[in-house]
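Please read the structure below before turning to the comments.
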Amino acid sequence: MNDLYAAVMEGAVERVRPKMMTVVAIMVGLLSILWGRGTGSEVKSSIAAPMVGGMISSPVLTLAVIPAIYALVKQWRLGCGMEG
């Protein structure tokens, strides 16, 4: 099981930099829309606000939740295969 843990951790660590670069680039664009004033700014900010929330939750999901679920499923499958 230590090999499984090491593989999951290595996979998650390799995704940190590309994921954070993507999130930061998108957040900069969205925050500029949120802070903008002028014609149509109310409509644009109401569209951009949920996207900011998604960009905040996306790294948590990609870097923590999905690897944890993957490890649990793989561990369960390896455990079931050993018994049968």
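A note on labels: chains of the structure tokens are A, B, ... as shown, every chain counts residues from 1, and ligands are counted from 1 in their shown order.
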Exercise. Determine, counting only C-alpha atoms, which protein, DNA and RNA residues have an atom within 7 Å of an atom of segment 42-48 of chain A; residues of the same chain fewer than 4 positions away are not included. Present the result as a list in words.
Key: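 Non-adjacent residues within range: Leu30, Ile33, Leu34 and Val52 of chain A.
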Output N, CA and C atoms for every residue in the selection just made, as a compact mmCIF listing (two decimals), in the first residue's frame.
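The resulting file, result-v1.txt, is reproduced below:
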# COMPACT_ATOMS: atom_id res chain seq x y z
N LEU A 30 -10.79 37.13 -14.64
CA LEU A 30 -12.12 37.26 -14.04
C LEU A 30 -12.20 38.40 -13.03
N ILE A 33 -12.74 41.64 -14.67
CA ILE A 33 -14.14 41.81 -15.07
C ILE A 33 -14.99 42.22 -13.87
N LEU A 34 -14.72 41.61 -12.71
CA LEU A 34 -15.50 41.94 -11.51
C LEU A 34 -15.29 43.38 -11.06
N VAL A 52 -15.51 32.62 -10.63
CA VAL A 52 -14.46 32.81 -9.63
C VAL A 52 -14.58 31.73 -8.56
Practice problem: List the neighbours of Ala12 of chain A out to 7 Å using only C-alpha atoms; skip same-chain residues closer than 3 positions along the sequence, and give me the result as JSON, numbers by chain. | Solution: {"A": [8, 9, 15, 16, 63, 67]}
Exercise. Show which residues sit within 9 Å of Met27 of chain A, as a ChimeraX atom specification. Count only C-alpha atoms, and ignore same-chain residues fewer than 5 positions away.
Key: /A:22,32,51-52,55-56
Practice problem: For atom CA of Leu4 of chain A and atom CA of Ala68 of chain A, quote the distance in Å rounded to one decimal. | Solution: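 Between these atoms lies a distance of 11.0 Å.
Nearest residue to Gly29 of chain A among A:Glu14, A:Lys74, A:Asn2, A:Ala49 is A:Ala49, counting only C-alpha atoms.
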Exercise. Provide the atom CA of Val65 of chain A to atom CA of Tyr5 of chain A distance in Å, to one decimal place.
Key: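 The value is 14.1 Å.
Between Ile26 of chain A and the residues A:Ala64, A:Leu78, A:Ser58, A:Tyr70, the shortest atom-to-atom distance, using only C-alpha atoms, involves A:Ser58.
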Exercise. Go through A:Met20, A:Cys80, A:Ala7, A:Val28 one by one, measure the shortest atom-to-atom distance of each to Thr62 of chain A using only C-alpha atoms, and give the residue with the smallest value.
Key: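 Using only C-alpha atoms, the shortest distance to Thr62 of chain A belongs to A:Met20.
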Quiz prompt | Filtered DSSP result for segment 6-64 of chain A, state alpha helix (DSSP H), as number ranges by chain | solution = A: 6-35, 41-60
Mind dumping the selected residues with N, CA and C atoms as a CSV table (one decimal), in the first residue's frame?
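Done, and the output landed in part09.csv:
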chain,number,residue,atom,x,y,z
A,6,ALA,N,2.6,6.4,-2.6
A,6,ALA,CA,3.6,7.2,-3.2
A,6,ALA,C,3.2,7.5,-4.6
A,7,ALA,N,2.6,6.6,-5.4
A,7,ALA,CA,2.2,6.9,-6.7
A,7,ALA,C,1.1,8.0,-6.8
A,8,VAL,N,0.2,8.0,-5.9
A,8,VAL,CA,-0.9,9.0,-5.8
A,8,VAL,C,-0.3,10.4,-5.4
A,9,MET,N,0.6,10.4,-4.5
A,9,MET,CA,1.2,11.6,-4.1
A,9,MET,C,2.1,12.2,-5.2
A,10,GLU,N,2.8,11.4,-5.9
A,10,GLU,CA,3.7,11.8,-7.0
A,10,GLU,C,2.8,12.4,-8.2
A,11,GLY,N,1.7,11.7,-8.4
A,11,GLY,CA,0.8,12.2,-9.5
A,11,GLY,C,0.2,13.6,-9.1
A,12,ALA,N,-0.2,13.7,-7.8
A,12,ALA,CA,-0.8,15.0,-7.4
A,12,ALA,C,0.2,16.1,-7.4
A,13,VAL,N,1.4,15.8,-7.0
A,13,VAL,CA,2.5,16.9,-6.9
A,13,VAL,C,2.8,17.3,-8.3
A,14,GLU,N,2.8,16.4,-9.3
A,14,GLU,CA,3.1,16.8,-10.7
A,14,GLU,C,2.1,17.7,-11.3
A,15,ARG,N,0.9,17.7,-10.7
A,15,ARG,CA,-0.2,18.6,-11.3
A,15,ARG,C,-0.3,19.9,-10.6
A,16,VAL,N,0.5,20.2,-9.5
A,16,VAL,CA,0.3,21.4,-8.8
A,16,VAL,C,0.7,22.6,-9.7
A,17,ARG,N,1.9,22.7,-10.3
A,17,ARG,CA,2.3,23.8,-11.0
A,17,ARG,C,1.4,24.1,-12.2
A,18,PRO,N,1.1,23.2,-13.1
A,18,PRO,CA,0.2,23.5,-14.2
A,18,PRO,C,-1.2,24.0,-13.8
A,19,LYS,N,-1.7,23.3,-12.7
A,19,LYS,CA,-3.0,23.7,-12.3
A,19,LYS,C,-3.0,25.1,-11.7
A,20,MET,N,-2.1,25.4,-10.9
A,20,MET,CA,-2.0,26.8,-10.3
A,20,MET,C,-1.8,27.8,-11.3
A,21,MET,N,-1.0,27.6,-12.3
A,21,MET,CA,-0.7,28.6,-13.4
A,21,MET,C,-2.1,28.8,-14.1
A,22,THR,N,-2.8,27.8,-14.4
A,22,THR,CA,-4.1,28.0,-15.1
A,22,THR,C,-5.1,28.7,-14.2
A,23,VAL,N,-5.2,28.4,-13.0
A,23,VAL,CA,-6.1,29.0,-12.1
A,23,VAL,C,-5.8,30.5,-11.9
A,24,VAL,N,-4.5,30.8,-11.7
A,24,VAL,CA,-4.1,32.2,-11.5
A,24,VAL,C,-4.4,33.0,-12.8
A,25,ALA,N,-4.1,32.5,-13.9
A,25,ALA,CA,-4.3,33.2,-15.2
A,25,ALA,C,-5.8,33.5,-15.4
A,26,ILE,N,-6.6,32.5,-15.1
A,26,ILE,CA,-8.1,32.7,-15.3
A,26,ILE,C,-8.6,33.7,-14.2
A,27,MET,N,-8.1,33.6,-13.0
A,27,MET,CA,-8.6,34.5,-11.9
A,27,MET,C,-8.2,35.9,-12.2
A,28,VAL,N,-7.1,36.2,-12.8
A,28,VAL,CA,-6.7,37.6,-13.1
A,28,VAL,C,-7.7,38.1,-14.1
A,29,GLY,N,-8.0,37.4,-15.1
A,29,GLY,CA,-9.0,37.8,-16.1
A,29,GLY,C,-10.4,38.0,-15.5
A,30,LEU,N,-10.8,37.1,-14.6
A,30,LEU,CA,-12.1,37.3,-14.0
A,30,LEU,C,-12.2,38.4,-13.0
A,31,LEU,N,-11.1,38.6,-12.3
A,31,LEU,CA,-11.2,39.7,-11.3
A,31,LEU,C,-11.2,41.0,-12.0
A,32,SER,N,-10.5,41.2,-13.1
A,32,SER,CA,-10.6,42.4,-13.8
A,32,SER,C,-12.0,42.7,-14.3
A,33,ILE,N,-12.7,41.6,-14.7
A,33,ILE,CA,-14.1,41.8,-15.1
A,33,ILE,C,-15.0,42.2,-13.9
A,34,LEU,N,-14.7,41.6,-12.7
A,34,LEU,CA,-15.5,41.9,-11.5
A,34,LEU,C,-15.3,43.4,-11.1
A,35,TRP,N,-14.1,43.9,-11.2
A,35,TRP,CA,-13.8,45.2,-10.7
A,35,TRP,C,-14.1,46.3,-11.8
A,41,SER,N,-21.4,46.4,-17.0
A,41,SER,CA,-20.6,45.8,-16.0
A,41,SER,C,-21.4,44.9,-15.0
A,42,GLU,N,-22.7,45.3,-14.8
A,42,GLU,CA,-23.5,44.5,-13.9
A,42,GLU,C,-23.7,43.1,-14.5
A,43,VAL,N,-24.0,43.0,-15.8
A,43,VAL,CA,-24.2,41.7,-16.4
A,43,VAL,C,-22.9,40.9,-16.4
A,44,LYS,N,-21.8,41.5,-16.7
A,44,LYS,CA,-20.5,40.8,-16.8
A,44,LYS,C,-20.1,40.3,-15.4
A,45,SER,N,-20.3,41.1,-14.4
A,45,SER,CA,-19.9,40.7,-13.0
A,45,SER,C,-20.8,39.6,-12.5
A,46,SER,N,-22.1,39.6,-12.9
A,46,SER,CA,-22.9,38.5,-12.4
A,46,SER,C,-22.6,37.2,-13.1
A,47,ILE,N,-22.0,37.2,-14.3
A,47,ILE,CA,-21.6,36.0,-15.0
A,47,ILE,C,-20.2,35.6,-14.5
A,48,ALA,N,-19.3,36.5,-14.1
A,48,ALA,CA,-18.0,36.2,-13.7
A,48,ALA,C,-17.9,35.7,-12.3
A,49,ALA,N,-18.9,36.1,-11.4
A,49,ALA,CA,-18.8,35.7,-10.0
A,49,ALA,C,-18.8,34.2,-9.8
A,50,PRO,N,-19.8,33.5,-10.4
A,50,PRO,CA,-19.7,32.0,-10.1
A,50,PRO,C,-18.5,31.4,-10.7
A,51,MET,N,-17.9,31.9,-11.8
A,51,MET,CA,-16.7,31.4,-12.3
A,51,MET,C,-15.6,31.5,-11.4
A,52,VAL,N,-15.5,32.6,-10.6
A,52,VAL,CA,-14.5,32.8,-9.6
A,52,VAL,C,-14.6,31.7,-8.6
A,53,GLY,N,-15.8,31.5,-8.1
A,53,GLY,CA,-16.0,30.4,-7.1
A,53,GLY,C,-15.6,29.0,-7.7
A,54,GLY,N,-15.8,28.8,-8.9
A,54,GLY,CA,-15.4,27.5,-9.5
A,54,GLY,C,-13.8,27.4,-9.6
A,55,MET,N,-13.2,28.6,-9.9
A,55,MET,CA,-11.8,28.6,-10.0
A,55,MET,C,-11.1,28.4,-8.6
A,56,ILE,N,-11.8,28.8,-7.5
A,56,ILE,CA,-11.3,28.6,-6.2
A,56,ILE,C,-11.5,27.1,-5.8
A,57,SER,N,-12.6,26.5,-6.1
A,57,SER,CA,-12.8,25.1,-5.7
A,57,SER,C,-12.1,24.1,-6.6
A,58,SER,N,-11.8,24.5,-7.8
A,58,SER,CA,-11.2,23.6,-8.8
A,58,SER,C,-9.8,23.0,-8.3
A,59,PRO,N,-8.9,23.8,-7.8
A,59,PRO,CA,-7.6,23.2,-7.4
A,59,PRO,C,-7.8,22.2,-6.2
A,60,VAL,N,-8.7,22.6,-5.3
A,60,VAL,CA,-9.0,21.7,-4.2
A,60,VAL,C,-9.5,20.3,-4.7
